[in-house]
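Below: structure28.pdb (PDB, C-alpha atoms, pLDDT in the B column)
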```pdb
MODEL        1
ATOM      1  CA  MET A  16      -8.952 -50.602 -84.672  1.00 47.00           C
ATOM      2  CA  ARG A  17      -8.159 -49.833 -81.028  1.00 45.00           C
ATOM      3  CA  PHE A  18      -8.365 -53.579 -80.285  1.00 46.00           C
ATOM      4  CA  ARG A  19      -5.731 -54.382 -82.935  1.00 48.00           C
ATOM      5  CA  ALA A  20      -3.261 -51.812 -81.570  1.00 44.00           C
ATOM      6  CA  SER A  21      -3.589 -53.042 -77.994  1.00 44.00           C
ATOM      7  CA  ALA A  22      -3.396 -56.678 -79.112  1.00 43.00           C
ATOM      8  CA  LEU A  23      -0.201 -55.889 -81.006  1.00 42.00           C
ATOM      9  CA  ALA A  24       1.295 -54.151 -77.941  1.00 42.00           C
ATOM     10  CA  VAL A  25       0.497 -57.191 -75.755  1.00 39.00           C
ATOM     11  CA  LEU A  26       2.061 -59.480 -78.351  1.00 36.00           C
ATOM     12  CA  VAL A  27       5.251 -57.390 -78.521  1.00 37.00           C
ATOM     13  CA  LEU A  28       5.575 -57.404 -74.718  1.00 37.00           C
ATOM     14  CA  ALA A  29       4.796 -61.101 -74.503  1.00 40.00           C
ATOM     15  CA  LEU A  30       7.492 -61.939 -77.042  1.00 39.00           C
ATOM     16  CA  GLY A  31       9.998 -59.867 -75.104  1.00 44.00           C
ATOM     17  CA  LEU A  32      10.771 -57.599 -78.018  1.00 37.00           C
ATOM     18  CA  MET A  33      10.514 -54.501 -75.852  1.00 36.00           C
ATOM     19  CA  PRO A  34      11.644 -54.217 -72.239  1.00 36.00           C
ATOM     20  CA  ARG A  35       8.815 -53.785 -69.753  1.00 34.00           C
ATOM     21  CA  ASP A  36      10.309 -50.623 -68.257  1.00 34.00           C
ATOM     22  CA  GLY A  37       9.690 -48.757 -71.526  1.00 35.00           C
ATOM     23  CA  PHE A  38      13.340 -48.071 -72.341  1.00 33.00           C
ATOM     24  CA  ALA A  39      14.891 -49.605 -75.413  1.00 35.00           C
ATOM     25  CA  GLN A  40      17.931 -51.697 -74.649  1.00 38.00           C
ATOM     26  CA  GLY A  41      21.271 -50.160 -75.562  1.00 39.00           C
ATOM     27  CA  ILE A  42      19.977 -46.571 -75.629  1.00 43.00           C
ATOM     28  CA  ALA A  43      21.523 -44.284 -73.024  1.00 55.00           C
ATOM     29  CA  GLN A  44      19.165 -42.380 -70.789  1.00 64.00           C
ATOM     30  CA  LYS A  45      19.298 -38.603 -70.975  1.00 70.00           C
ATOM     31  CA  PRO A  46      20.282 -36.732 -67.832  1.00 73.00           C
ATOM     32  CA  VAL A  47      17.693 -34.780 -65.904  1.00 79.00           C
ATOM     33  CA  ILE A  48      18.705 -31.198 -65.158  1.00 82.00           C
ATOM     34  CA  GLY A  49      17.305 -29.608 -62.032  1.00 85.00           C
ATOM     35  CA  THR A  50      17.729 -25.856 -61.703  1.00 86.00           C
ATOM     36  CA  LYS A  51      16.996 -23.496 -58.872  1.00 89.00           C
ATOM     37  CA  GLN A  52      16.407 -19.777 -59.207  1.00 91.00           C
ATOM     38  CA  ASN A  53      19.484 -17.618 -58.800  1.00 90.00           C
ATOM     39  CA  TYR A  54      19.987 -15.647 -55.616  1.00 90.00           C
ATOM     40  CA  PRO A  55      19.736 -12.848 -55.054  1.00 91.00           C
ATOM     41  CA  ASN A  56      17.257 -12.089 -57.811  1.00 88.00           C
ATOM     42  CA  PRO A  57      17.300  -9.325 -58.876  1.00 91.00           C
ATOM     43  CA  PHE A  58      21.053  -9.165 -58.345  1.00 91.00           C
ATOM     44  CA  ASN A  59      23.694  -6.450 -58.265  1.00 90.00           C
ATOM     45  CA  PRO A  60      26.448  -7.078 -59.183  1.00 91.00           C
ATOM     46  CA  GLU A  61      26.930 -10.854 -58.593  1.00 94.00           C
ATOM     47  CA  THR A  62      24.703 -13.917 -58.442  1.00 95.00           C
ATOM     48  CA  ARG A  63      24.785 -17.702 -58.152  1.00 95.00           C
ATOM     49  CA  ALA A  64      22.413 -20.648 -58.457  1.00 95.00           C
ATOM     50  CA  GLU A  65      22.385 -24.372 -57.858  1.00 94.00           C
ATOM     51  CA  PHE A  66      21.764 -27.022 -60.485  1.00 93.00           C
ATOM     52  CA  THR A  67      21.739 -30.801 -60.409  1.00 91.00           C
ATOM     53  CA  ILE A  68      22.593 -33.478 -62.904  1.00 89.00           C
ATOM     54  CA  ASP A  69      20.583 -36.572 -62.114  1.00 83.00           C
ATOM     55  CA  LEU A  70      19.777 -39.893 -63.707  1.00 65.00           C
ATOM     56  CA  ALA A  71      17.378 -42.446 -62.344  1.00 62.00           C
ATOM     57  CA  THR A  72      20.201 -44.969 -62.679  1.00 59.00           C
ATOM     58  CA  CYS A  73      22.986 -42.639 -61.533  1.00 70.00           C
ATOM     59  CA  ALA A  74      25.428 -44.209 -59.113  1.00 63.00           C
ATOM     60  CA  ALA A  75      28.809 -43.389 -57.678  1.00 60.00           C
ATOM     61  CA  GLY A  76      31.423 -43.651 -60.385  1.00 61.00           C
ATOM     62  CA  GLY A  77      28.753 -43.204 -63.051  1.00 72.00           C
ATOM     63  CA  PRO A  78      29.273 -41.551 -66.407  1.00 81.00           C
ATOM     64  CA  LEU A  79      30.608 -38.041 -66.834  1.00 87.00           C
ATOM     65  CA  HIS A  80      28.402 -35.446 -68.527  1.00 90.00           C
ATOM     66  CA  ARG A  81      29.500 -32.540 -70.713  1.00 93.00           C
ATOM     67  CA  VAL A  82      28.183 -29.387 -69.007  1.00 94.00           C
ATOM     68  CA  SER A  83      28.053 -25.790 -70.232  1.00 96.00           C
ATOM     69  CA  VAL A  84      26.403 -22.829 -68.530  1.00 97.00           C
ATOM     70  CA  THR A  85      26.031 -19.643 -70.566  1.00 98.00           C
ATOM     71  CA  ILE A  86      24.429 -16.281 -69.836  1.00 97.00           C
ATOM     72  CA  TYR A  87      22.767 -14.459 -72.738  1.00 98.00           C
ATOM     73  CA  ASN A  88      21.041 -11.125 -73.101  1.00 96.00           C
ATOM     74  CA  LEU A  89      17.552 -11.029 -74.640  1.00 95.00           C
ATOM     75  CA  LEU A  90      19.067 -10.704 -78.128  1.00 96.00           C
ATOM     76  CA  MET A  91      20.726 -14.096 -77.461  1.00 96.00           C
ATOM     77  CA  GLN A  92      24.184 -12.552 -77.466  1.00 96.00           C
ATOM     78  CA  ARG A  93      26.548 -14.362 -75.147  1.00 97.00           C
ATOM     79  CA  VAL A  94      27.354 -12.155 -72.162  1.00 97.00           C
ATOM     80  CA  ALA A  95      29.308 -14.463 -69.865  1.00 97.00           C
ATOM     81  CA  ILE A  96      30.201 -18.004 -68.892  1.00 97.00           C
ATOM     82  CA  PRO A  97      29.767 -18.506 -65.141  1.00 96.00           C
ATOM     83  CA  VAL A  98      32.306 -20.441 -63.113  1.00 95.00           C
ATOM     84  CA  LEU A  99      31.891 -23.506 -60.947  1.00 94.00           C
ATOM     85  CA  GLN A 100      31.740 -22.505 -57.308  1.00 91.00           C
ATOM     86  CA  GLY A 101      33.378 -24.773 -54.762  1.00 83.00           C
ATOM     87  CA  GLY A 102      34.668 -27.400 -57.166  1.00 73.00           C
ATOM     88  CA  ALA A 103      33.623 -31.024 -57.569  1.00 70.00           C
ATOM     89  CA  GLY A 104      35.614 -34.185 -58.056  1.00 66.00           C
ATOM     90  CA  SER A 105      38.520 -33.452 -60.393  1.00 69.00           C
ATOM     91  CA  VAL A 106      37.089 -30.077 -61.478  1.00 75.00           C
ATOM     92  CA  ALA A 107      38.485 -27.109 -59.586  1.00 79.00           C
ATOM     93  CA  GLY A 108      36.298 -24.312 -58.310  1.00 81.00           C
ATOM     94  CA  GLY A 109      36.546 -21.144 -60.375  1.00 85.00           C
ATOM     95  CA  GLN A 110      36.744 -23.067 -63.648  1.00 91.00           C
ATOM     96  CA  PRO A 111      34.483 -21.683 -66.404  1.00 94.00           C
ATOM     97  CA  LEU A 112      31.522 -23.989 -67.020  1.00 95.00           C
ATOM     98  CA  ASP A 113      32.234 -24.445 -70.714  1.00 96.00           C
ATOM     99  CA  HIS A 114      32.194 -28.087 -71.853  1.00 95.00           C
ATOM    100  CA  VAL A 115      33.309 -29.326 -68.429  1.00 93.00           C
ATOM    101  CA  LEU A 116      32.974 -33.033 -67.641  1.00 91.00           C
ATOM    102  CA  LEU A 117      31.031 -33.555 -64.406  1.00 89.00           C
ATOM    103  CA  PRO A 118      29.515 -36.630 -62.726  1.00 87.00           C
ATOM    104  CA  CYS A 119      25.938 -36.650 -61.444  1.00 87.00           C
ATOM    105  CA  GLY A 120      25.512 -34.391 -58.462  1.00 86.00           C
ATOM    106  CA  GLN A 121      24.598 -30.937 -57.201  1.00 89.00           C
ATOM    107  CA  TYR A 122      26.616 -27.898 -58.294  1.00 92.00           C
ATOM    108  CA  THR A 123      26.610 -24.113 -57.989  1.00 94.00           C
ATOM    109  CA  TRP A 124      27.440 -21.671 -60.766  1.00 95.00           C
ATOM    110  CA  TYR A 125      28.660 -18.153 -59.951  1.00 96.00           C
ATOM    111  CA  TRP A 126      28.685 -14.982 -62.091  1.00 96.00           C
ATOM    112  CA  ASN A 127      30.423 -11.796 -60.950  1.00 95.00           C
ATOM    113  CA  GLY A 128      28.107  -9.668 -63.124  1.00 94.00           C
ATOM    114  CA  ASN A 129      30.793  -8.572 -65.591  1.00 95.00           C
ATOM    115  CA  TYR A 130      30.826  -8.960 -69.341  1.00 96.00           C
ATOM    116  CA  GLN A 131      32.940 -11.954 -70.301  1.00 94.00           C
ATOM    117  CA  GLY A 132      36.651 -11.202 -70.223  1.00 89.00           C
ATOM    118  CA  THR A 133      36.255  -7.616 -68.975  1.00 93.00           C
ATOM    119  CA  LEU A 134      35.952  -5.668 -65.759  1.00 93.00           C
ATOM    120  CA  LYS A 135      32.869  -3.858 -67.099  1.00 95.00           C
ATOM    121  CA  GLU A 136      29.631  -4.621 -65.248  1.00 95.00           C
ATOM    122  CA  ALA A 137      26.768  -5.937 -67.354  1.00 95.00           C
ATOM    123  CA  ALA A 138      23.901  -3.526 -67.954  1.00 95.00           C
ATOM    124  CA  SER A 139      20.776  -3.772 -65.854  1.00 95.00           C
ATOM    125  CA  GLY A 140      18.066  -5.884 -67.422  1.00 95.00           C
ATOM    126  CA  VAL A 141      16.880  -9.418 -68.002  1.00 96.00           C
ATOM    127  CA  TYR A 142      19.283 -12.218 -68.898  1.00 97.00           C
ATOM    128  CA  LEU A 143      18.839 -15.889 -69.741  1.00 97.00           C
ATOM    129  CA  VAL A 144      20.929 -18.648 -68.196  1.00 97.00           C
ATOM    130  CA  ILE A 145      21.082 -21.789 -70.329  1.00 97.00           C
ATOM    131  CA  ILE A 146      22.441 -24.959 -68.766  1.00 96.00           C
ATOM    132  CA  ASP A 147      23.370 -27.608 -71.331  1.00 96.00           C
ATOM    133  CA  VAL A 148      24.071 -31.155 -70.140  1.00 93.00           C
ATOM    134  CA  ASP A 149      24.824 -33.602 -72.960  1.00 91.00           C
ATOM    135  CA  GLY A 150      22.532 -31.638 -75.294  1.00 92.00           C
ATOM    136  CA  GLN A 151      19.643 -31.398 -72.797  1.00 91.00           C
ATOM    137  CA  LYS A 152      18.941 -27.745 -72.019  1.00 94.00           C
ATOM    138  CA  ALA A 153      17.328 -25.919 -69.102  1.00 93.00           C
ATOM    139  CA  THR A 154      16.708 -22.174 -69.062  1.00 94.00           C
ATOM    140  CA  LYS A 155      16.244 -19.666 -66.244  1.00 95.00           C
ATOM    141  CA  LYS A 156      15.501 -15.963 -66.431  1.00 96.00           C
ATOM    142  CA  ILE A 157      17.543 -13.687 -64.155  1.00 96.00           C
ATOM    143  CA  MET A 158      17.444  -9.925 -63.594  1.00 95.00           C
ATOM    144  CA  ASN A 159      20.281  -7.482 -63.013  1.00 94.00           C
ATOM    145  CA  ALA A 160      19.123  -4.362 -61.130  1.00 90.00           C
ATOM    146  CA  LYS A 161      21.606  -1.530 -60.705  1.00 75.00           C
TER     147      LYS A 161
ENDMDL
END
```

Translate the structure described by the file into structure tokens.
Amino acid sequence: MRFRASALAVLVLALGLMPRDGFAQGIAQKPVIGTKQNYPNPFNPETRAEFTIDLATCAAGGPLHRVSVTIYNLLMQRVAIPVLQGGAGSVAGGQPLDHVLLPCGQYTWYWNGNYQGTLKEAASGVYLVIIDVDGQKATKKIMNAK
């Protein structure tokens, strides 16, 4: 049985029905999200962290990716949407990272430690940062210590 499966795989490759690099033709590659731990951690009252959007085939002038960064408490209630620090390309620094179009590259998100839309500082405790790039998600745990 193992012989038949490997013989079939060799036949498919030999006929050129599947590219040799393992990626189907016409299917877009998913971005790779790299995240670093926030600093300082634990934080009080503000924090920031770097993240990267990378593709093996990413080049200058490549595709834009829809990016959202959201901070949740442990009950998965949205607490805040961090802002882009420093800006990048056509996206200004200080813009909330909510469905922003960004090219591949390295970015920094910043959170002032307040509940979204208020001047009230978030309670001490553990929070989750979820970075969503074109539906691919990466999660980091951060801690607010008052």

Which residue, A:Val82, A:Ile48, A:Ala107, A:Leu99, has the smallest gap to Thr67 in chain A when you use all atoms listed in the file?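 Of A:Val82, A:Ile48, A:Ala107, A:Leu99, the one nearest Thr67 in chain A, counting all atoms listed in the file, is A:Ile48.
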
Choose the residue, out of A:Glu136, A:Asp113, A:Asp149, A:Glu65, that has the smallest atom-to-atom separation from Pro78 in chain A; count all atoms listed in the file. A:Asp149

Excluding His80 in chain A and any residue of its chain fewer than 5 positions from it, enumerate the residues within 8 Å of it, using all atoms listed in the file, and give them as a PyMOL selection string. chain A and resi 115-119+148-149

Distance of CA of Glu61 in chain A from CA of Trp126 in chain A, expressed in Å to one decimal place: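 CA of Glu61 in chain A lies 5.7 Å from CA of Trp126 in chain A.
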
If I take CA of Thr62 in chain A and CA of Lys156 in chain A, how far is one from the other in Å, to one decimal?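 Atom-to-atom, CA of Thr62 in chain A and CA of Lys156 in chain A are spaced 12.4 Å apart.
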
Contacts of Asn59 in chain A at 7 Å or less, counting all atoms listed in the file, minus same-chain residues fewer than 3 places along, as a PyMOL selection string? chain A and resi 159-161

Starting from the shown file, work through the PyMOL selection byres ((chain A and resi 124) around 7) and note down what comes out as a VMD selection string. chain A and resid 63 to 65 97 to 100 122 to 123 125 to 126

Which of these residues is nearest to Ile68 in chain A, using only C-alpha atoms: A:Gly101, A:Gly49, A:Gly132, A:Gly140?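 Smallest distance to Ile68 in chain A is found for A:Gly49.
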
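Taking CA of Gln121 in chain A as the reference point, CA of Phe66 in chain A is found at 5.8 Å.
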
Please expand the PyMOL selection byres ((chain A and resi 152) around 12) into the concrete residues it hits in this file, giving the result as a list in words.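 Output from the PyMOL selection byres ((chain A and resi 152) around 12), applied to this file: Lys45, Pro46, Val47, Ile48, Gly49, Thr50, Phe66, Ile68, Arg81, Val82, Ser83, Val84, Thr85, Val144, Ile145, Ile146, Asp147, Val148, Asp149, Gly150, Gln151, Ala153, Thr154 and Lys155 of chain A.
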
Nearest to Cys73 in chain A by atom-to-atom distance, counting all atoms listed in the file, from A:Leu143, A:Lys135, A:His114, A:Gly120: A:Gly120
